[in-house]
>>> print(open('my_file12.pdb').read())   # PDB, C-alpha atoms
MODEL        1
ATOM      1  CA  MET Z   1      27.023  -3.352  -7.130
ATOM      2  CA  THR Z   2      24.876  -0.267  -7.755
ATOM      3  CA  SER Z   3      22.914  -1.914 -10.584
ATOM      4  CA  ALA Z   4      22.204  -4.934  -8.384
ATOM      5  CA  ILE Z   5      20.758  -2.696  -5.670
ATOM      6  CA  VAL Z   6      18.599  -0.750  -8.131
ATOM      7  CA  ALA Z   7      17.308  -3.997  -9.620
ATOM      8  CA  THR Z   8      15.928  -5.078  -6.250
ATOM      9  CA  GLN Z   9      14.157  -1.762  -5.609
ATOM     10  CA  GLU Z  10      10.501  -0.912  -6.114
ATOM     11  CA  THR Z  11       9.410   2.672  -6.704
ATOM     12  CA  GLY Z  12       6.154   4.574  -6.329
ATOM     13  CA  LEU Z  13       5.162   8.143  -7.127
ATOM     14  CA  LEU Z  14       3.543   9.876  -4.158
ATOM     15  CA  LEU Z  15       1.147  12.651  -5.225
ATOM     16  CA  ILE Z  16       0.296  15.226  -2.558
ATOM     17  CA  HIS Z  17      -2.698  17.518  -3.194
ATOM     18  CA  ALA Z  18      -3.293  20.203  -0.549
ATOM     19  CA  GLN Z  19      -6.962  20.393   0.433
ATOM     20  CA  THR Z  20      -6.382  23.263   2.872
ATOM     21  CA  ALA Z  21      -3.654  25.899   3.213
ATOM     22  CA  LEU Z  22      -0.298  24.279   3.903
ATOM     23  CA  HIS Z  23       2.613  25.431   6.079
ATOM     24  CA  PRO Z  24       5.716  23.248   5.769
ATOM     25  CA  GLY Z  25       7.716  25.616   7.943
ATOM     26  CA  SER Z  26      11.374  26.407   7.352
ATOM     27  CA  GLY Z  27      12.084  27.543  10.916
ATOM     28  CA  THR Z  28      14.173  30.427   9.571
ATOM     29  CA  ALA Z  29      13.037  33.990   8.859
ATOM     30  CA  LEU Z  30      15.268  36.049   6.574
ATOM     31  CA  GLY Z  31      12.785  38.713   5.483
ATOM     32  CA  ALA Z  32       9.537  40.398   6.491
ATOM     33  CA  VAL Z  33       7.725  37.059   6.952
ATOM     34  CA  ASP Z  34       8.391  35.636  10.407
ATOM     35  CA  LEU Z  35       7.349  32.059   9.559
ATOM     36  CA  PRO Z  36       8.075  31.313   5.865
ATOM     37  CA  VAL Z  37       7.545  27.995   4.112
ATOM     38  CA  GLN Z  38      10.402  25.694   3.116
ATOM     39  CA  ARG Z  39      11.997  26.611  -0.210
ATOM     40  CA  GLU Z  40      14.815  25.242  -2.308
ATOM     41  CA  ARG Z  41      17.891  27.405  -2.022
ATOM     42  CA  HIS Z  42      18.674  27.599  -5.746
ATOM     43  CA  THR Z  43      15.145  27.965  -7.191
ATOM     44  CA  GLN Z  44      13.133  29.405  -4.288
ATOM     45  CA  TRP Z  45      10.395  26.920  -5.190
ATOM     46  CA  PRO Z  46       8.395  25.468  -2.263
ATOM     47  CA  THR Z  47       9.391  22.025  -1.012
ATOM     48  CA  ILE Z  48       8.573  19.580   1.790
ATOM     49  CA  ALA Z  49      11.479  17.822   3.497
ATOM     50  CA  GLY Z  50      11.667  14.070   2.911
ATOM     51  CA  SER Z  51      12.447  13.508   6.600
ATOM     52  CA  ALA Z  52       9.167  15.186   7.553
ATOM     53  CA  LEU Z  53       7.233  13.137   4.992
ATOM     54  CA  LYS Z  54       8.736   9.887   6.212
ATOM     55  CA  GLY Z  55       7.800  10.719   9.787
ATOM     56  CA  ILE Z  56       4.228  11.483   8.728
ATOM     57  CA  LEU Z  57       4.002   8.195   6.817
ATOM     58  CA  ARG Z  58       5.348   6.247   9.781
ATOM     59  CA  ASP Z  59       2.885   7.913  12.134
ATOM     60  CA  SER Z  60       0.000   7.033   9.820
ATOM     61  CA  CYS Z  61       1.100   3.388   9.577
ATOM     62  CA  ARG Z  62       1.556   3.252  13.346
ATOM     63  CA  GLU Z  63      -2.003   4.513  13.862
ATOM     64  CA  GLU Z  64      -3.269   1.632  11.738
ATOM     65  CA  ALA Z  65      -1.029  -0.930  13.478
ATOM     66  CA  ARG Z  66      -2.100   0.062  17.007
ATOM     67  CA  HIS Z  67      -5.500  -1.584  16.514
ATOM     68  CA  SER Z  68      -3.717  -4.938  16.544
ATOM     69  CA  TYR Z  69      -2.117  -4.052  19.889
ATOM     70  CA  GLY Z  70      -5.183  -2.976  21.841
ATOM     71  CA  GLY Z  71      -4.754   0.672  20.871
ATOM     72  CA  ASP Z  72      -1.226   0.831  22.293
ATOM     73  CA  ARG Z  73       0.759   3.099  19.927
ATOM     74  CA  LYS Z  74       4.063   2.542  21.715
ATOM     75  CA  LYS Z  75       3.737  -1.228  21.514
ATOM     76  CA  ALA Z  76       2.780  -1.048  17.836
ATOM     77  CA  ASN Z  77       5.777   1.207  17.129
ATOM     78  CA  GLU Z  78       8.173  -1.207  18.811
ATOM     79  CA  GLU Z  79       6.727  -4.593  17.816
ATOM     80  CA  ASP Z  80       4.761  -4.448  14.550
ATOM     81  CA  PRO Z  81       6.910  -6.378  12.016
ATOM     82  CA  ASP Z  82       5.700  -4.548   8.885
ATOM     83  CA  LEU Z  83       6.131  -1.120  10.466
ATOM     84  CA  ILE Z  84       9.643  -1.928  11.691
ATOM     85  CA  ALA Z  85      10.657  -3.506   8.380
ATOM     86  CA  ALA Z  86       9.508  -0.434   6.454
ATOM     87  CA  PHE Z  87      10.635   2.372   8.758
ATOM     88  CA  GLY Z  88      13.241   0.861  11.071
ATOM     89  CA  PRO Z  89      13.253  -0.063  14.781
ATOM     90  CA  GLY Z  90      10.956   1.806  17.138
ATOM     91  CA  LYS Z  91      13.122   1.201  20.221
ATOM     92  CA  VAL Z  92      15.945   3.692  20.788
ATOM     93  CA  ASP Z  93      18.383   1.021  21.919
ATOM     94  CA  GLU Z  94      17.781  -0.947  18.683
ATOM     95  CA  SER Z  95      18.099   1.992  16.289
ATOM     96  CA  SER Z  96      21.543   0.890  15.107
ATOM     97  CA  SER Z  97      20.518  -2.701  14.393
ATOM     98  CA  HIS Z  98      19.173  -2.039  10.882
ATOM     99  CA  ALA Z  99      17.728   0.694   8.707
ATOM    100  CA  GLY Z 100      14.202   0.792   7.357
ATOM    101  CA  ALA Z 101      13.541  -0.505   3.862
ATOM    102  CA  LEU Z 102      11.609   2.591   2.760
ATOM    103  CA  SER Z 103      13.121   5.841   1.467
ATOM    104  CA  VAL Z 104      11.275   9.075   0.686
ATOM    105  CA  THR Z 105      12.640  11.980  -1.361
ATOM    106  CA  ASP Z 106      11.906  15.634  -0.669
ATOM    107  CA  ALA Z 107       8.522  16.575  -2.130
ATOM    108  CA  ARG Z 108       8.888  18.860  -5.141
ATOM    109  CA  ILE Z 109       6.367  21.308  -6.522
ATOM    110  CA  LEU Z 110       4.412  19.994  -9.510
ATOM    111  CA  ALA Z 111       1.593  22.493 -10.013
ATOM    112  CA  PHE Z 112       0.717  25.740  -8.234
ATOM    113  CA  PRO Z 113      -2.776  27.314  -8.047
ATOM    114  CA  VAL Z 114      -3.088  30.890  -9.301
ATOM    115  CA  ARG Z 115      -6.162  33.128  -9.408
ATOM    116  CA  SER Z 116      -7.670  33.361 -12.896
ATOM    117  CA  LEU Z 117     -10.077  35.850 -14.464
ATOM    118  CA  ARG Z 118     -12.004  32.892 -15.880
ATOM    119  CA  GLY Z 119     -12.305  29.369 -14.505
ATOM    120  CA  VAL Z 120     -11.716  30.577 -10.897
ATOM    121  CA  PHE Z 121      -8.098  29.385 -10.730
ATOM    122  CA  ALA Z 122      -5.449  27.718 -12.861
ATOM    123  CA  TRP Z 123      -2.809  25.173 -11.951
ATOM    124  CA  VAL Z 124       0.453  26.465 -13.409
ATOM    125  CA  THR Z 125       3.657  24.564 -14.021
ATOM    126  CA  CYS Z 126       6.701  25.069 -16.247
ATOM    127  CA  MET Z 127       9.176  23.123 -18.351
ATOM    128  CA  ASP Z 128      11.860  23.043 -15.657
ATOM    129  CA  VAL Z 129       9.387  21.384 -13.274
ATOM    130  CA  LEU Z 130       8.257  18.883 -15.908
ATOM    131  CA  GLN Z 131      11.799  18.084 -17.038
ATOM    132  CA  ARG Z 132      12.842  17.492 -13.457
ATOM    133  CA  LEU Z 133       9.883  15.182 -12.930
ATOM    134  CA  GLN Z 134      10.830  13.359 -16.138
ATOM    135  CA  ARG Z 135      14.397  12.933 -14.879
ATOM    136  CA  ASP Z 136      13.220  11.675 -11.485
ATOM    137  CA  LEU Z 137      10.960   9.123 -13.157
ATOM    138  CA  GLY Z 138      13.868   7.973 -15.315
ATOM    139  CA  LEU Z 139      16.093   7.467 -12.288
ATOM    140  CA  ALA Z 140      13.335   5.391 -10.720
ATOM    141  CA  LYS Z 141      12.824   3.427 -13.966
ATOM    142  CA  MET Z 142       9.240   4.658 -14.276
ATOM    143  CA  ASP Z 143       7.386   5.662 -17.448
ATOM    144  CA  GLY Z 144       7.467   9.399 -18.184
ATOM    145  CA  MET Z 145       5.354  11.736 -20.299
ATOM    146  CA  THR Z 146       5.676  13.442 -23.666
ATOM    147  CA  LEU Z 147       6.836  17.001 -23.051
ATOM    148  CA  PRO Z 148       5.611  19.947 -25.163
ATOM    149  CA  GLU Z 149       7.744  22.768 -26.535
ATOM    150  CA  GLU Z 150       8.638  25.418 -23.978
ATOM    151  CA  PRO Z 151       6.433  28.550 -24.188
ATOM    152  CA  GLY Z 152       8.006  32.007 -24.327
ATOM    153  CA  LYS Z 153       7.651  34.670 -21.662
ATOM    154  CA  GLU Z 154       4.069  35.849 -21.196
ATOM    155  CA  LYS Z 155       2.958  32.842 -23.258
ATOM    156  CA  ALA Z 156       1.066  29.776 -22.091
ATOM    157  CA  LEU Z 157       0.189  26.268 -23.190
ATOM    158  CA  CYS Z 158      -3.229  24.909 -22.253
ATOM    159  CA  ALA Z 159      -6.121  22.924 -23.699
ATOM    160  CA  GLY Z 160      -7.947  24.549 -26.591
ATOM    161  CA  ALA Z 161     -11.248  24.105 -24.739
ATOM    162  CA  SER Z 162      -9.836  25.366 -21.435
ATOM    163  CA  ASP Z 163     -12.223  27.180 -19.105
ATOM    164  CA  LEU Z 164      -9.401  29.624 -18.387
ATOM    165  CA  LEU Z 165      -9.412  31.260 -21.828
ATOM    166  CA  VAL Z 166     -10.633  34.835 -22.332
ATOM    167  CA  GLY Z 167     -11.573  35.777 -25.868
ATOM    168  CA  GLY Z 168     -10.518  32.373 -27.106
ATOM    169  CA  ASP Z 169      -6.741  32.762 -26.875
ATOM    170  CA  LYS Z 170      -5.738  34.615 -23.690
ATOM    171  CA  LEU Z 171      -5.345  33.782 -19.999
ATOM    172  CA  VAL Z 172      -5.433  36.382 -17.225
ATOM    173  CA  LEU Z 173      -3.655  35.068 -14.123
ATOM    174  CA  GLU Z 174      -3.525  37.471 -11.177
ATOM    175  CA  GLU Z 175      -2.833  40.802 -12.961
ATOM    176  CA  PHE Z 176      -0.868  39.275 -15.859
ATOM    177  CA  GLU Z 177      -2.088  38.450 -19.341
ATOM    178  CA  PHE Z 178      -0.747  35.414 -21.224
ATOM    179  CA  GLN Z 179      -1.160  34.512 -24.873
ATOM    180  CA  ARG Z 180      -2.089  30.903 -25.591
ATOM    181  CA  THR Z 181       0.357  29.537 -28.161
ATOM    182  CA  GLY Z 182      -0.533  25.862 -28.165
ATOM    183  CA  ASP Z 183      -1.646  22.791 -26.311
ATOM    184  CA  ALA Z 184       0.108  21.337 -23.275
ATOM    185  CA  GLY Z 185       0.179  17.957 -24.968
ATOM    186  CA  GLY Z 186      -0.470  15.036 -22.682
ATOM    187  CA  VAL Z 187       0.895  16.742 -19.549
ATOM    188  CA  ALA Z 188      -2.500  17.473 -17.981
ATOM    189  CA  GLU Z 189      -3.733  13.993 -18.841
ATOM    190  CA  TRP Z 190      -0.600  12.344 -17.425
ATOM    191  CA  ILE Z 191      -0.782  14.231 -14.124
ATOM    192  CA  GLY Z 192      -4.552  13.862 -13.889
ATOM    193  CA  GLU Z 193      -4.402  10.078 -14.242
ATOM    194  CA  ARG Z 194      -2.365   9.899 -11.036
ATOM    195  CA  MET Z 195      -4.297  12.330  -8.826
ATOM    196  CA  PRO Z 196      -6.151  11.028  -5.752
ATOM    197  CA  ASP Z 197      -9.715  11.838  -6.857
ATOM    198  CA  GLU Z 198     -11.794  11.879 -10.020
ATOM    199  CA  LEU Z 199     -12.942  15.515  -9.739
ATOM    200  CA  THR Z 200      -9.347  16.770  -9.694
ATOM    201  CA  ARG Z 201      -8.442  14.490 -12.602
ATOM    202  CA  LYS Z 202     -11.263  16.002 -14.667
ATOM    203  CA  ARG Z 203     -10.514  19.599 -13.699
ATOM    204  CA  LEU Z 204      -6.792  19.319 -14.413
ATOM    205  CA  ARG Z 205      -7.479  18.558 -18.074
ATOM    206  CA  THR Z 206      -8.995  22.036 -18.589
ATOM    207  CA  HIS Z 207      -7.283  24.078 -15.853
ATOM    208  CA  LEU Z 208      -3.578  23.259 -16.235
ATOM    209  CA  ALA Z 209      -1.326  25.811 -17.938
ATOM    210  CA  VAL Z 210       2.365  25.466 -18.766
ATOM    211  CA  LEU Z 211       4.170  28.802 -18.420
ATOM    212  CA  HIS Z 212       7.678  30.071 -19.037
ATOM    213  CA  ASN Z 213      10.056  29.157 -16.198
ATOM    214  CA  ASP Z 214      10.440  32.789 -15.081
ATOM    215  CA  ASP Z 215       6.678  33.406 -15.017
ATOM    216  CA  PHE Z 216       6.117  30.249 -12.963
ATOM    217  CA  THR Z 217       8.874  31.219 -10.530
ATOM    218  CA  HIS Z 218       7.282  34.633 -10.007
ATOM    219  CA  PHE Z 219       3.986  33.042  -8.964
ATOM    220  CA  VAL Z 220       5.451  30.490  -6.548
ATOM    221  CA  ARG Z 221       7.518  33.247  -4.913
ATOM    222  CA  HIS Z 222       4.876  35.960  -4.677
ATOM    223  CA  ALA Z 223       1.403  34.360  -4.918
ATOM    224  CA  THR Z 224       1.461  32.543  -1.587
ATOM    225  CA  GLU Z 225      -0.773  33.498   1.345
ATOM    226  CA  VAL Z 226       0.785  35.665   4.076
ATOM    227  CA  THR Z 227      -1.355  35.951   7.179
ATOM    228  CA  ALA Z 228      -0.937  38.327  10.115
ATOM    229  CA  ARG Z 229      -1.382  36.507  13.412
ATOM    230  CA  ILE Z 230      -1.574  37.817  16.941
ATOM    231  CA  GLY Z 231      -1.360  36.567  20.506
ATOM    232  CA  LEU Z 232      -4.057  37.624  22.985
ATOM    233  CA  ASP Z 233      -3.755  38.258  26.687
ATOM    234  CA  TYR Z 234      -6.033  35.681  28.288
ATOM    235  CA  LYS Z 235      -7.427  37.977  30.988
ATOM    236  CA  SER Z 236      -7.820  41.300  29.155
ATOM    237  CA  LYS Z 237      -8.609  39.800  25.739
ATOM    238  CA  THR Z 238      -6.325  42.371  24.156
ATOM    239  CA  VAL Z 239      -3.286  41.910  21.948
ATOM    240  CA  LYS Z 240      -0.089  41.090  23.805
ATOM    241  CA  SER Z 241       2.725  43.544  23.289
ATOM    242  CA  GLY Z 242       4.993  42.409  20.466
ATOM    243  CA  ALA Z 243       2.775  39.406  19.671
ATOM    244  CA  LEU Z 244       2.084  40.283  16.040
ATOM    245  CA  PHE Z 245       3.778  37.993  13.513
ATOM    246  CA  TYR Z 246       3.385  37.039   9.858
ATOM    247  CA  GLN Z 247       3.072  33.459   8.625
ATOM    248  CA  GLU Z 248       3.287  32.170   5.056
ATOM    249  CA  TYR Z 249       1.036  29.426   3.677
ATOM    250  CA  LEU Z 250       0.935  27.601   0.375
ATOM    251  CA  PRO Z 251      -2.618  27.894  -0.960
ATOM    252  CA  ALA Z 252      -5.083  25.033  -1.040
ATOM    253  CA  GLU Z 253      -4.854  23.056  -4.335
ATOM    254  CA  THR Z 254      -1.029  23.116  -4.422
ATOM    255  CA  ILE Z 255       0.300  19.824  -5.858
ATOM    256  CA  PHE Z 256       3.611  18.178  -4.891
ATOM    257  CA  TYR Z 257       5.222  14.873  -5.803
ATOM    258  CA  SER Z 258       7.771  12.665  -4.082
ATOM    259  CA  LEU Z 259       9.426   9.370  -4.946
ATOM    260  CA  VAL Z 260       9.049   6.437  -2.566
ATOM    261  CA  LEU Z 261      11.739   3.774  -2.969
ATOM    262  CA  THR Z 262      11.708   0.434  -1.182
ATOM    263  CA  SER Z 263      14.192  -2.409  -0.823
ATOM    264  CA  ALA Z 264      13.949  -5.816   0.823
ATOM    265  CA  SER Z 265      13.664  -5.787   4.608
ATOM    266  CA  ARG Z 266      16.987  -5.501   6.430
ATOM    267  CA  ARG Z 267      15.543  -7.075   9.573
ATOM    268  CA  LYS Z 268      16.838 -10.639   9.963
ATOM    269  CA  ASP Z 269      13.650 -12.124  11.412
ATOM    270  CA  CYS Z 270      11.252 -10.350   9.003
ATOM    271  CA  ALA Z 271      11.356 -11.512   5.378
ATOM    272  CA  ARG Z 272       9.704  -8.790   3.307
ATOM    273  CA  SER Z 273      10.543  -8.099  -0.332
ATOM    274  CA  ALA Z 274      10.752  -4.604  -1.806
ATOM    275  CA  ALA Z 275       7.365  -5.217  -3.453
ATOM    276  CA  ASP Z 276       5.893  -6.254  -0.079
ATOM    277  CA  ILE Z 277       7.079  -3.048   1.562
ATOM    278  CA  LEU Z 278       5.655  -0.859  -1.217
ATOM    279  CA  ALA Z 279       2.349  -2.770  -1.180
ATOM    280  CA  TYR Z 280       2.159  -2.295   2.611
ATOM    281  CA  LEU Z 281       2.464   1.492   2.280
ATOM    282  CA  ARG Z 282       0.104   1.663  -0.694
ATOM    283  CA  ALA Z 283      -2.593  -0.262   1.196
ATOM    284  CA  ARG Z 284      -2.312   2.153   4.117
ATOM    285  CA  LEU Z 285      -2.535   5.263   1.905
ATOM    286  CA  ASP Z 286      -5.446   3.810  -0.061
ATOM    287  CA  SER Z 287      -7.218   3.394   3.267
ATOM    288  CA  VAL Z 288      -6.444   6.757   4.875
ATOM    289  CA  ARG Z 289      -6.423   8.926   1.689
ATOM    290  CA  VAL Z 290      -5.699  12.139   3.639
ATOM    291  CA  LEU Z 291      -2.594  13.062   5.666
ATOM    292  CA  GLN Z 292      -1.874  16.148   7.768
ATOM    293  CA  ILE Z 293       1.396  17.792   6.698
ATOM    294  CA  GLY Z 294       3.117  20.825   8.184
ATOM    295  CA  GLY Z 295       2.098  23.138  11.011
ATOM    296  CA  ASP Z 296      -1.174  24.377  12.509
ATOM    297  CA  GLU Z 297      -2.865  20.990  12.615
ATOM    298  CA  THR Z 298      -5.472  22.108  15.170
ATOM    299  CA  THR Z 299      -6.695  24.932  12.913
ATOM    300  CA  GLY Z 300      -7.285  22.622   9.962
ATOM    301  CA  LYS Z 301      -4.175  23.485   8.005
ATOM    302  CA  GLY Z 302      -2.136  20.987   5.995
ATOM    303  CA  LEU Z 303      -4.833  18.450   5.108
ATOM    304  CA  CYS Z 304      -3.567  16.755   1.940
ATOM    305  CA  ALA Z 305      -5.094  14.090  -0.289
ATOM    306  CA  VAL Z 306      -2.426  11.535  -1.163
ATOM    307  CA  ARG Z 307      -2.013   8.694  -3.610
ATOM    308  CA  LEU Z 308       0.880   6.323  -4.185
ATOM    309  CA  ALA Z 309       0.852   5.673  -7.925
ATOM    310  CA  ASN Z 310       3.296   4.089 -10.327
ATOM    311  CA  GLY Z 311       4.696   5.578 -13.504
ATOM    312  CA  LYS Z 312       2.265   3.870 -15.855
ATOM    313  CA  VAL Z 313      -0.985   5.376 -17.095
ATOM    314  CA  GLY Z 314      -3.765   4.560 -14.680
ATOM    315  CA  GLY Z 315      -1.188   3.317 -12.146
TER     316      GLY Z 315
ENDMDL
END
>>> encode(input="my_file12.pdb", output="structure tokens")
Amino acid sequence: MTSAIVATQETGLLLIHAQTALHPGSGTALGAVDLPVQRERHTQWPTIAGSALKGILRDSCREEARHSYGGDRKKANEEDPDLIAAFGPGKVDESSSHAGALSVTDARILAFPVRSLRGVFAWVTCMDVLQRLQRDLGLAKMDGMTLPEEPGKEKALCAGASDLLVGGDKLVLEEFEFQRTGDAGGVAEWIGERMPDELTRKRLRTHLAVLHNDDFTHFVRHATEVTARIGLDYKSKTVKSGALFYQEYLPAETIFYSLVLTSASRRKDCARSAADILAYLRARLDSVRVLQIGGDETTGKGLCAVRLANGKVGG
């Protein structure tokens, strides 16, 4: 039964490239930061909940559909056949009639931007991240990449002609020095082929570094942006008592990935194949290109370039 279901599924790889600082909030403060970002419990790597992503995708598709309903978002949400087939019924009293045909996994970190002595900044990743991506692609029956050998601690893999190199064989990221011990293989090329824009594809080839798992984990835990924010009294224009709080952001240029899986429509009066559903979402994302993810929308945070690719080169 399971193999039959998998055989009828279509899968896409959703790349998410933060253009501005990003705050996928966790809603829970356990330390000095009042508003931290979402993190995996076992790795402490940043993540974006799949439920949040799916809601953002639905909202984007609804915005497109409303033009066919005289600008009425509510009517589009409740009546558009493609929207309902992909995401499920828009009416509360019909929510139990069928599920949507589109599933979205939690977005996982793929590459994290870190300040560099040369080349302005580097995208860093590690073997655990790449192996997990490889496993996810295998589960989705998508083509993977050729993985390099894991570098040791305080070692790095990057292109021989990388703009990050100091003295020909060293990288200085934040206050740490790393020795280049080899090339990252086709990792930078594989990721670059699937990024939303040509400039990022070109830059990734010379600015991606593969680090040891522990070194990567240090950066994603401690190299985020923590901003002090205050609340002002409207009349006096002074700080309200007790209104100081600290908020964590993932820096611009952070790259995530998520898997999008589709099946045939479960709605009886709407015949859409799994390929139709995936093509519907891809057409929308190709049109919009940028989604707002996370908090602080009105201050320009969370603007992310997106692309729904497949697992094949150039896909």
>>> atom_distance(input="my_file12.pdb", atom1="CA of Pro89 in chain Z", atom2="CA of Val306 in chain Z")
25.2 Å
>>> resolve_selection(input="my_file12.pdb", expression="the PyMOL selection byres ((chain Z and resi 173-190) around 6)", output="number ranges by chain")
Z: 115-116, 148, 154-159, 169-172, 191-193, 204-205
>>> resolve_selection(input="my_file12.pdb", expression="the PyMOL selection byres ((chain Z and resi 209-220) around 8)", output="PyMOL selection string")
chain Z and resi 43-46+112+114+122-128+150-158+184+207-208+221-224
>>> closest_atom_pairs(input="my_file12.pdb", of="range 204-279 of chain Z", to="range 53-64 of chain Z", cutoff="12 Å", atoms="only C-alpha atoms", output="CSV")
residue,atom,partner,partner_atom,distance
Z:Phe256,CA,Z:Leu53,CA,11.7
Z:Tyr257,CA,Z:Leu53,CA,11.1
Z:Ser258,CA,Z:Leu53,CA,9.1
Z:Leu259,CA,Z:Leu53,CA,10.9
Z:Val260,CA,Z:Lys54,CA,9.4
Z:Leu261,CA,Z:Lys54,CA,11.4
Z:Ile277,CA,Z:Cys61,CA,11.9
>>> residues_around(input="my_file12.pdb", residues="range 279-287 of chain Z", least_positions_apart="2", cutoff="12 Å", atoms="all atoms listed in the file", output="PyMOL selection string")
chain Z and resi 10-16+54+56-65+81-87+101-104+196-197+260-263+272-277+289-291+304-310+315
>>> atom_distance(input="my_file12.pdb", atom1="CA of Thr20 in chain Z", atom2="CA of Pro36 in chain Z")
16.8 Å
>>> axis_aligned_box(input="my_file12.pdb", around="range 111-123 of chain Z", padding_each_side="3 Å", output="AutoDock Vina command-line options")
--center_x -5.4 --center_y 29.2 --center_z -12.0 --size_x 19.9 --size_y 19.4 --size_z 13.8
>>> residues_around(input="my_file12.pdb", residues="Val239 in chain Z", least_positions_apart="6", cutoff="12 Å", atoms="only C-alpha atoms", output="PyMOL selection string")
chain Z and resi 229-233+245
>>> write_last_selection(input="my_file12.pdb", atoms="C-alpha atoms", output="compact mmCIF listing (two decimals), in the frame of the given file")
# COMPACT_ATOMS: atom_id res chain seq x y z
CA ARG Z 229 -1.38 36.51 13.41
CA ILE Z 230 -1.57 37.82 16.94
CA GLY Z 231 -1.36 36.57 20.51
CA LEU Z 232 -4.06 37.62 22.98
CA ASP Z 233 -3.76 38.26 26.69
CA PHE Z 245 3.78 37.99 13.51
>>> resolve_selection(input="my_file12.pdb", expression="the PyMOL selection byres ((chain Z and resi 26) around 7)", output="PyMOL selection string")
chain Z and resi 24-25+27-28+36-38
>>> atom_distance(input="my_file12.pdb", atom1="CA of Gly88 in chain Z", atom2="CA of Asp269 in chain Z")
13.0 Å
>>> residues_around(input="my_file12.pdb", residues="Gly144 in chain Z", least_positions_apart="2", cutoff="9 Å", atoms="only C-alpha atoms", output="tab-separated table (two decimals) with C-alpha atoms, in the coordinates of the input")
chain	number	residue	atom	x	y	z
Z	133	LEU	CA	9.88	15.18	-12.93
Z	134	GLN	CA	10.83	13.36	-16.14
Z	135	ARG	CA	14.40	12.93	-14.88
Z	137	LEU	CA	10.96	9.12	-13.16
Z	138	GLY	CA	13.87	7.97	-15.32
Z	142	MET	CA	9.24	4.66	-14.28
Z	146	THR	CA	5.68	13.44	-23.67
Z	190	TRP	CA	-0.60	12.34	-17.42
Z	311	GLY	CA	4.70	5.58	-13.50
Z	312	LYS	CA	2.26	3.87	-15.86
